[in-house]
file work34.txt (compact mmCIF, C-alpha atoms and all ligand atoms)
# COMPACT_ATOMS: atom_id res chain seq x y z
CA MET A 1 -0.18 -10.32 -4.82
CA GLN A 2 1.99 -8.13 -2.63
CA ILE A 3 3.17 -8.46 0.95
CA THR A 4 3.84 -5.41 3.09
CA PRO A 5 5.30 -6.40 6.48
CA SER A 6 4.49 -4.12 9.41
CA ILE A 7 7.32 -3.33 11.80
CA LEU A 8 4.89 -2.55 14.65
CA ASN A 9 5.86 -5.70 16.52
CA ALA A 10 9.57 -5.57 15.61
CA ASP A 11 12.29 -4.79 18.15
CA PHE A 12 12.49 -0.97 17.91
CA ALA A 13 15.86 -0.90 19.66
CA ASN A 14 17.31 -2.93 16.78
CA LEU A 15 15.22 -1.62 13.96
CA ALA A 16 17.92 -1.43 11.29
CA GLU A 17 18.74 -5.09 11.83
CA GLU A 18 15.06 -6.07 12.00
CA ILE A 19 14.36 -4.33 8.68
CA SER A 20 17.43 -5.86 7.02
CA ARG A 21 15.99 -9.30 7.81
CA LEU A 22 13.43 -8.56 5.07
CA ASN A 23 15.64 -7.35 2.22
CA ASP A 24 14.40 -8.49 -1.20
CA SER A 25 11.44 -10.54 -0.03
CA ALA A 26 8.85 -7.87 0.75
CA ASP A 27 7.16 -5.59 -1.79
CA TRP A 28 6.67 -2.70 0.64
CA LEU A 29 7.42 -1.92 4.26
CA HIS A 30 4.25 -1.01 6.19
CA LEU A 31 4.71 1.72 8.80
CA ASP A 32 1.87 2.16 11.32
CA VAL A 33 1.65 5.74 12.57
CA MET A 34 -0.55 6.06 15.68
CA ASP A 35 -1.34 9.22 17.64
CA GLY A 36 -2.93 7.94 20.86
CA HIS A 37 -6.21 9.66 19.88
CA PHE A 38 -7.58 8.03 16.75
CA VAL A 39 -6.37 4.74 18.21
CA PRO A 40 -5.48 3.95 21.84
CA ASN A 41 -1.78 3.49 21.07
CA LEU A 42 1.24 5.60 20.15
CA SER A 43 3.94 4.57 17.71
CA PHE A 44 6.14 7.05 15.81
CA GLY A 45 6.09 10.01 13.43
CA PRO A 46 7.81 11.47 10.36
CA HIS A 47 11.29 11.56 11.87
CA MET A 48 11.28 7.80 12.31
CA VAL A 49 9.97 7.36 8.76
CA SER A 50 12.91 9.44 7.40
CA SER A 51 15.38 7.39 9.40
CA ILE A 52 13.91 4.14 8.08
CA ASN A 53 13.91 5.50 4.53
CA ALA A 54 17.64 6.11 4.84
CA ILE A 55 18.42 2.48 5.64
CA THR A 56 16.22 0.51 3.25
CA ASP A 57 15.46 0.27 -0.47
CA MET A 58 11.98 -1.10 0.21
CA PRO A 59 9.27 1.45 -0.67
CA LEU A 60 7.54 2.76 2.45
CA ASP A 61 3.80 2.23 2.84
CA VAL A 62 2.67 4.59 5.60
CA HIS A 63 -0.64 3.85 7.37
CA LEU A 64 -1.81 6.92 9.28
CA MET A 65 -4.03 6.05 12.23
CA ILE A 66 -4.25 9.67 13.34
CA GLU A 67 -6.82 12.44 13.72
CA THR A 68 -6.81 15.29 11.15
CA PRO A 69 -4.45 13.56 8.69
CA GLU A 70 -4.77 16.64 6.45
CA LYS A 71 -2.44 18.45 8.86
CA TRP A 72 0.33 15.85 8.78
CA ALA A 73 0.09 13.63 5.70
CA LEU A 74 2.43 15.67 3.49
CA ASP A 75 5.16 15.49 6.15
CA TYR A 76 5.30 11.75 5.47
CA VAL A 77 5.85 12.39 1.77
CA LYS A 78 8.82 14.59 2.71
CA SER A 79 10.03 11.74 4.91
CA GLY A 80 10.18 9.46 1.88
CA ALA A 81 6.88 7.53 1.91
CA LYS A 82 5.87 6.11 -1.49
CA SER A 83 2.31 5.40 -0.37
CA VAL A 84 0.27 7.25 2.26
CA THR A 85 -3.01 5.85 3.59
CA PHE A 86 -5.33 7.71 5.94
CA HIS A 87 -8.67 6.87 7.57
CA ILE A 88 -12.02 8.08 6.25
CA GLU A 89 -13.28 8.26 9.86
CA ALA A 90 -10.59 10.84 10.69
CA CYS A 91 -10.72 13.14 7.69
CA ALA A 92 -13.27 15.86 6.84
CA GLU A 93 -12.16 16.36 3.21
CA PRO A 94 -10.70 13.08 2.00
CA ILE A 95 -10.84 13.87 -1.73
CA LYS A 96 -8.99 17.16 -1.24
CA LEU A 97 -6.26 15.40 0.73
CA ALA A 98 -6.06 12.59 -1.85
CA ARG A 99 -5.49 15.18 -4.60
CA GLU A 100 -2.74 16.89 -2.62
CA LEU A 101 -0.98 13.60 -1.97
CA ARG A 102 -1.23 12.51 -5.62
CA GLU A 103 0.15 15.88 -6.70
CA ALA A 104 3.04 15.28 -4.31
CA GLY A 105 3.78 12.10 -6.28
CA VAL A 106 2.78 9.25 -3.96
CA ARG A 107 0.18 6.50 -4.09
CA VAL A 108 -2.80 7.33 -1.88
CA GLY A 109 -4.87 4.96 0.23
CA ILE A 110 -8.16 5.30 2.08
CA SER A 111 -8.74 3.05 5.06
CA ILE A 112 -11.93 1.85 6.73
CA LYS A 113 -12.28 0.46 10.25
CA PRO A 114 -14.29 -2.73 10.86
CA ALA A 115 -17.46 -0.78 11.72
CA THR A 116 -17.32 1.36 8.56
CA ASP A 117 -19.21 0.05 5.54
CA PHE A 118 -17.68 -0.12 2.08
CA ASP A 119 -20.56 2.10 0.87
CA VAL A 120 -19.03 5.07 2.69
CA VAL A 121 -15.99 5.12 0.37
CA LYS A 122 -17.10 3.51 -2.86
CA ASP A 123 -18.02 6.71 -4.71
CA MET A 124 -14.61 8.26 -4.01
CA LEU A 125 -12.43 5.29 -4.98
CA ILE A 126 -11.43 6.88 -8.27
CA HIS A 127 -9.33 9.32 -6.19
CA PHE A 128 -7.42 6.54 -4.44
CA ASP A 129 -4.87 3.93 -5.43
CA THR A 130 -5.50 1.64 -2.45
CA LEU A 131 -8.46 0.72 -0.28
CA LEU A 132 -7.19 -0.54 3.08
CA ILE A 133 -9.78 -2.72 4.80
CA MET A 134 -9.00 -3.20 8.49
CA THR A 135 -9.43 -6.83 9.47
CA VAL A 136 -8.86 -6.04 13.17
CA GLU A 137 -9.68 -2.97 15.26
CA PRO A 138 -6.79 -0.59 14.52
CA GLY A 139 -4.31 0.06 17.31
CA PHE A 140 -2.32 -3.07 18.02
CA GLY A 141 -0.47 -5.86 16.26
CA GLY A 142 -1.03 -9.50 17.12
CA GLN A 143 -4.86 -9.53 17.13
CA SER A 144 -7.06 -12.18 15.51
CA PHE A 145 -8.27 -11.79 11.94
CA MET A 146 -11.97 -10.87 11.75
CA ASP A 147 -13.64 -13.26 9.32
CA ALA A 148 -16.67 -10.97 9.45
CA MET A 149 -14.69 -8.59 7.18
CA LEU A 150 -14.51 -11.11 4.30
CA PRO A 151 -17.87 -10.07 2.79
CA LYS A 152 -16.68 -6.43 2.83
CA ILE A 153 -13.52 -7.42 0.92
CA ALA A 154 -15.64 -9.36 -1.58
CA GLU A 155 -18.03 -6.42 -2.01
CA ALA A 156 -15.09 -4.08 -2.66
CA ARG A 157 -13.55 -6.52 -5.15
CA SER A 158 -16.72 -6.87 -7.16
CA TYR A 159 -17.28 -3.08 -7.21
CA ILE A 160 -13.68 -2.34 -8.24
CA ASP A 161 -13.79 -4.95 -11.00
CA SER A 162 -17.18 -3.91 -12.29
CA TYR A 163 -16.07 -0.27 -12.63
CA ASN A 164 -12.66 -1.27 -14.03
CA LEU A 165 -10.82 0.60 -11.28
CA ASN A 166 -7.16 -0.10 -10.57
CA THR A 167 -7.54 0.26 -6.81
CA TRP A 168 -5.53 -2.23 -4.79
CA ILE A 169 -7.34 -3.87 -1.86
CA GLN A 170 -5.10 -4.10 1.18
CA ALA A 171 -6.10 -6.37 4.08
CA ASP A 172 -4.54 -5.26 7.37
CA GLY A 173 -4.66 -7.12 10.67
CA GLY A 174 -4.39 -10.73 11.72
CA ILE A 175 -2.93 -11.93 8.40
CA ASN A 176 -0.99 -15.16 8.86
CA LEU A 177 -0.28 -18.45 7.05
CA GLU A 178 -3.80 -19.61 7.80
CA THR A 179 -5.92 -16.47 7.21
CA ILE A 180 -4.20 -15.05 4.11
CA SER A 181 -5.87 -17.55 1.77
CA ARG A 182 -9.34 -16.49 2.88
CA ALA A 183 -8.50 -12.80 2.44
CA ALA A 184 -7.06 -13.48 -1.03
CA MET A 185 -10.02 -15.61 -2.06
CA ALA A 186 -12.36 -12.79 -1.02
CA GLY A 187 -10.42 -10.42 -3.31
CA ALA A 188 -7.61 -8.69 -1.42
CA ASP A 189 -4.34 -8.30 -3.35
CA VAL A 190 -2.05 -6.58 -0.85
CA PHE A 191 -1.50 -8.04 2.60
CA VAL A 192 -0.07 -6.42 5.71
CA ALA A 193 1.63 -8.97 7.94
CA GLY A 194 3.10 -7.88 11.25
CA SER A 195 3.44 -10.38 14.04
CA VAL A 196 3.55 -13.45 11.78
CA VAL A 197 6.66 -12.06 10.08
CA TYR A 198 8.38 -10.71 13.18
CA SER A 199 7.74 -13.76 15.32
CA SER A 200 9.25 -15.96 12.59
CA LYS A 201 12.82 -17.27 12.76
CA ASP A 202 13.10 -16.68 9.01
CA PRO A 203 11.06 -13.58 8.10
CA GLU A 204 12.01 -13.68 4.39
CA ASP A 205 10.83 -17.25 4.09
CA THR A 206 7.56 -16.34 5.84
CA VAL A 207 7.00 -13.45 3.41
CA ARG A 208 7.55 -15.78 0.45
CA LYS A 209 5.21 -18.40 1.89
CA LEU A 210 2.52 -15.78 2.47
CA ARG A 211 2.80 -14.56 -1.13
CA LYS A 212 2.59 -18.12 -2.50
CA LEU A 213 -0.50 -18.87 -0.42
CA ALA A 214 -2.16 -15.65 -1.62
CA GLU A 215 -1.31 -16.47 -5.24
CA SER A 216 -2.68 -19.97 -5.10
CA ALA A 217 -5.86 -18.88 -3.28
CA ASN A 218 -6.41 -16.20 -5.92
CA GLN A 219 -6.33 -18.79 -8.71
CA LYS A 220 -9.13 -20.82 -7.14
C1 LIG B 1 -3.03 -2.44 13.38
C2 LIG B 1 -2.05 -2.10 12.31
C3 LIG B 1 -1.54 -3.30 11.59
C4 LIG B 1 -0.82 -4.29 12.46
C5 LIG B 1 -0.67 -5.60 11.77
O1 LIG B 1 -3.60 -1.29 13.88
O2 LIG B 1 -2.62 -1.25 11.34
O3 LIG B 1 -0.75 -2.92 10.47
O4 LIG B 1 0.42 -3.83 12.85
O5 LIG B 1 -0.11 -6.50 12.67
P1 LIG B 1 -0.60 -8.02 12.75
O6 LIG B 1 -0.24 -8.65 11.43
O7 LIG B 1 0.16 -8.58 13.88
O8 LIG B 1 -2.09 -8.01 12.97
ZN ZN B 2 -1.46 -0.94 9.41

call {"tool": "encode", "arguments": {"input": "work34.txt", "output": "structure tokens", "more": "lines below"}}
Ligand code: DX5
Ligand code: ZN
result
Amino acid sequence: MQITPSILNADFANLAEEISRLNDSADWLHLDVMDGHFVPNLSFGPHMVSSINAITDMPLDVHLMIETPEKWALDYVKSGAKSVTFHIEACAEPIKLARELREAGVRVGISIKPATDFDVVKDMLIHFDTLLIMTVEPGFGGQSFMDAMLPKIAEARSYIDSYNLNTWIQADGGINLETISRAAMAGADVFVAGSVVYSSKDPEDTVRKLRKLAESANQK
């Protein structure tokens, strides 16, 4: 059970301090890259990822919400990402890009939006280390968790287990101290948590609480 806090709702003018509030508690740091086309929001690009890489020991988990990720994904490897996830809806040759990213030495994730069925990606999962299931419409932090995505998580979990794949299932969007147990029970094992962490007075404590809740839900 891993927690990957998203900085999307952090104070960007004090980012170094905001990130240092998480030292040692989080497994990864989730960086949401948005291009204003694939999603109706803009965030940051590879230069910001390099700057963040220089100030933290946490491995960087980059989530590309951009069109034509094949043009840009390797730039994020150069910027220091340890995992790069892109969207199936945005990429014409996902397996080719997955191979290039693996050859570059990073973990590779494929992401599906709420309207995209698990069936669309299941045959290519062998090429990916992570399946990111969006549990909100991508674009903004602070939205409500979509319970309607729980059956999709469960379907992915049973497929991954039945084929003995090592693919991690990452749930992204609306994860908080109430929803994480449901996502874990359905079969997710990596959890993105943005606003719940950054609105907390003690982000490290919140990360630890989230992990504990996920662990105990998983044992049920
Ligand atoms: C949404 C992003 C998420 C988001 C999570 O498009 O991919 O990573 O920042 O934030 P919360 O936890 O606030 O939903
Ligand atoms: Zn994300």

call {"tool": "closest_residue", "arguments": {"input": "work34.txt", "among": "A:Met58, A:Leu31, A:Leu177, A:Met146", "to": "ligand LIG 1 (chain B)", "atoms": "only C-alpha atoms and all ligand atoms"}}
result
A:Leu31

call {"tool": "residues_around", "arguments": {"input": "work34.txt", "residues": "A:Gly36", "least_positions_apart": "6", "cutoff": "12 Å", "atoms": "all atoms listed in the file", "output": "list of chain:residue names"}}
result
A:Leu42, A:Ser43, A:Phe44, A:Gly45, A:Leu64, A:Met65, A:Ile66, A:Glu67, A:Pro138, A:Gly139, A:Phe140

call {"tool": "closest_atom_pairs", "arguments": {"input": "work34.txt", "of": "chain A", "to": "ligand ZN 2 (chain B)", "cutoff": "10 Å", "atoms": "only C-alpha atoms and all ligand atoms", "output": "JSON lines"}}
result
{"residue": "A:Thr4", "atom": "CA", "partner": "B:ZN2", "partner_atom": "ZN", "distance": 9.4}
{"residue": "A:Pro5", "atom": "CA", "partner": "B:ZN2", "partner_atom": "ZN", "distance": 9.2}
{"residue": "A:Ser6", "atom": "CA", "partner": "B:ZN2", "partner_atom": "ZN", "distance": 6.7}
{"residue": "A:Ile7", "atom": "CA", "partner": "B:ZN2", "partner_atom": "ZN", "distance": 9.4}
{"residue": "A:Leu8", "atom": "CA", "partner": "B:ZN2", "partner_atom": "ZN", "distance": 8.4}
{"residue": "A:His30", "atom": "CA", "partner": "B:ZN2", "partner_atom": "ZN", "distance": 6.6}
{"residue": "A:Leu31", "atom": "CA", "partner": "B:ZN2", "partner_atom": "ZN", "distance": 6.7}
{"residue": "A:Asp32", "atom": "CA", "partner": "B:ZN2", "partner_atom": "ZN", "distance": 4.9}
{"residue": "A:Val33", "atom": "CA", "partner": "B:ZN2", "partner_atom": "ZN", "distance": 8.0}
{"residue": "A:Met34", "atom": "CA", "partner": "B:ZN2", "partner_atom": "ZN", "distance": 9.4}
{"residue": "A:Asp61", "atom": "CA", "partner": "B:ZN2", "partner_atom": "ZN", "distance": 9.0}
{"residue": "A:Val62", "atom": "CA", "partner": "B:ZN2", "partner_atom": "ZN", "distance": 7.9}
{"residue": "A:His63", "atom": "CA", "partner": "B:ZN2", "partner_atom": "ZN", "distance": 5.3}
{"residue": "A:Leu64", "atom": "CA", "partner": "B:ZN2", "partner_atom": "ZN", "distance": 7.9}
{"residue": "A:Met65", "atom": "CA", "partner": "B:ZN2", "partner_atom": "ZN", "distance": 8.0}
{"residue": "A:Thr85", "atom": "CA", "partner": "B:ZN2", "partner_atom": "ZN", "distance": 9.1}
{"residue": "A:Ser111", "atom": "CA", "partner": "B:ZN2", "partner_atom": "ZN", "distance": 9.4}
{"residue": "A:Leu132", "atom": "CA", "partner": "B:ZN2", "partner_atom": "ZN", "distance": 8.5}
{"residue": "A:Ile133", "atom": "CA", "partner": "B:ZN2", "partner_atom": "ZN", "distance": 9.7}
{"residue": "A:Met134", "atom": "CA", "partner": "B:ZN2", "partner_atom": "ZN", "distance": 7.9}
{"residue": "A:Thr135", "atom": "CA", "partner": "B:ZN2", "partner_atom": "ZN", "distance": 9.9}
{"residue": "A:Val136", "atom": "CA", "partner": "B:ZN2", "partner_atom": "ZN", "distance": 9.7}
{"residue": "A:Pro138", "atom": "CA", "partner": "B:ZN2", "partner_atom": "ZN", "distance": 7.4}
{"residue": "A:Gly139", "atom": "CA", "partner": "B:ZN2", "partner_atom": "ZN", "distance": 8.5}
{"residue": "A:Phe140", "atom": "CA", "partner": "B:ZN2", "partner_atom": "ZN", "distance": 8.9}
{"residue": "A:Gly141", "atom": "CA", "partner": "B:ZN2", "partner_atom": "ZN", "distance": 8.5}
{"residue": "A:Gln170", "atom": "CA", "partner": "B:ZN2", "partner_atom": "ZN", "distance": 9.5}
{"residue": "A:Ala171", "atom": "CA", "partner": "B:ZN2", "partner_atom": "ZN", "distance": 8.9}
{"residue": "A:Asp172", "atom": "CA", "partner": "B:ZN2", "partner_atom": "ZN", "distance": 5.7}
{"residue": "A:Gly173", "atom": "CA", "partner": "B:ZN2", "partner_atom": "ZN", "distance": 7.1}
{"residue": "A:Phe191", "atom": "CA", "partner": "B:ZN2", "partner_atom": "ZN", "distance": 9.8}
{"residue": "A:Val192", "atom": "CA", "partner": "B:ZN2", "partner_atom": "ZN", "distance": 6.8}
{"residue": "A:Ala193", "atom": "CA", "partner": "B:ZN2", "partner_atom": "ZN", "distance": 8.7}
{"residue": "A:Gly194", "atom": "CA", "partner": "B:ZN2", "partner_atom": "ZN", "distance": 8.5}

call {"tool": "atom_distance", "arguments": {"input": "work34.txt", "atom1": "atom CA of A:Pro69", "atom2": "atom CA of A:Lys122"}}
result
19.9 Å

call {"tool": "atom_distance", "arguments": {"input": "work34.txt", "atom1": "atom CA of A:Glu89", "atom2": "atom CA of A:Trp28"}}
result
24.6 Å

call {"tool": "atom_distance", "arguments": {"input": "work34.txt", "atom1": "atom CA of A:Asn14", "atom2": "atom CA of A:Ile175"}}
result
23.7 Å

call {"tool": "closest_residue", "arguments": {"input": "work34.txt", "among": "A:Ala115, A:Ile110, A:Val39, A:Ala184", "to": "ligand LIG 1 (chain B)", "atoms": "only C-alpha atoms and all ligand atoms"}}
result
A:Val39

call {"tool": "residues_near_point", "arguments": {"input": "work34.txt", "point": "(-5.3, -17.8, -7.5)", "cutoff": "10 Å", "atoms": "all atoms listed in the file", "output": "list in words"}}
result
Met1, Ser181, Ala184, Met185, Gly187, Lys212, Leu213, Ala214, Glu215, Ser216, Ala217, Asn218, Gln219 and Lys220 of chain A

call {"tool": "closest_residue", "arguments": {"input": "work34.txt", "among": "A:Glu137, A:Glu70, A:Glu103, A:Glu178", "to": "ligand LIG 1 (chain B)", "atoms": "all atoms listed in the file"}}
result
A:Glu137

call {"tool": "residues_around", "arguments": {"input": "work34.txt", "residues": "A:Lys78", "least_positions_apart": "5", "cutoff": "10 Å", "atoms": "only C-alpha atoms", "output": "VMD selection string"}}
result
chain A and resid 46 to 47 49 to 50 73 104

call {"tool": "closest_residue", "arguments": {"input": "work34.txt", "among": "A:Ala154, A:Pro59, A:Gly109, A:Gly80", "to": "A:Asp27", "atoms": "only C-alpha atoms"}}
result
A:Pro59

call {"tool": "residues_around", "arguments": {"input": "work34.txt", "residues": "stretch 198-208 of chain A", "least_positions_apart": "4", "cutoff": "6 Å", "atoms": "all atoms listed in the file", "output": "PyMOL selection string"}}
result
chain A and resi 10+22+25
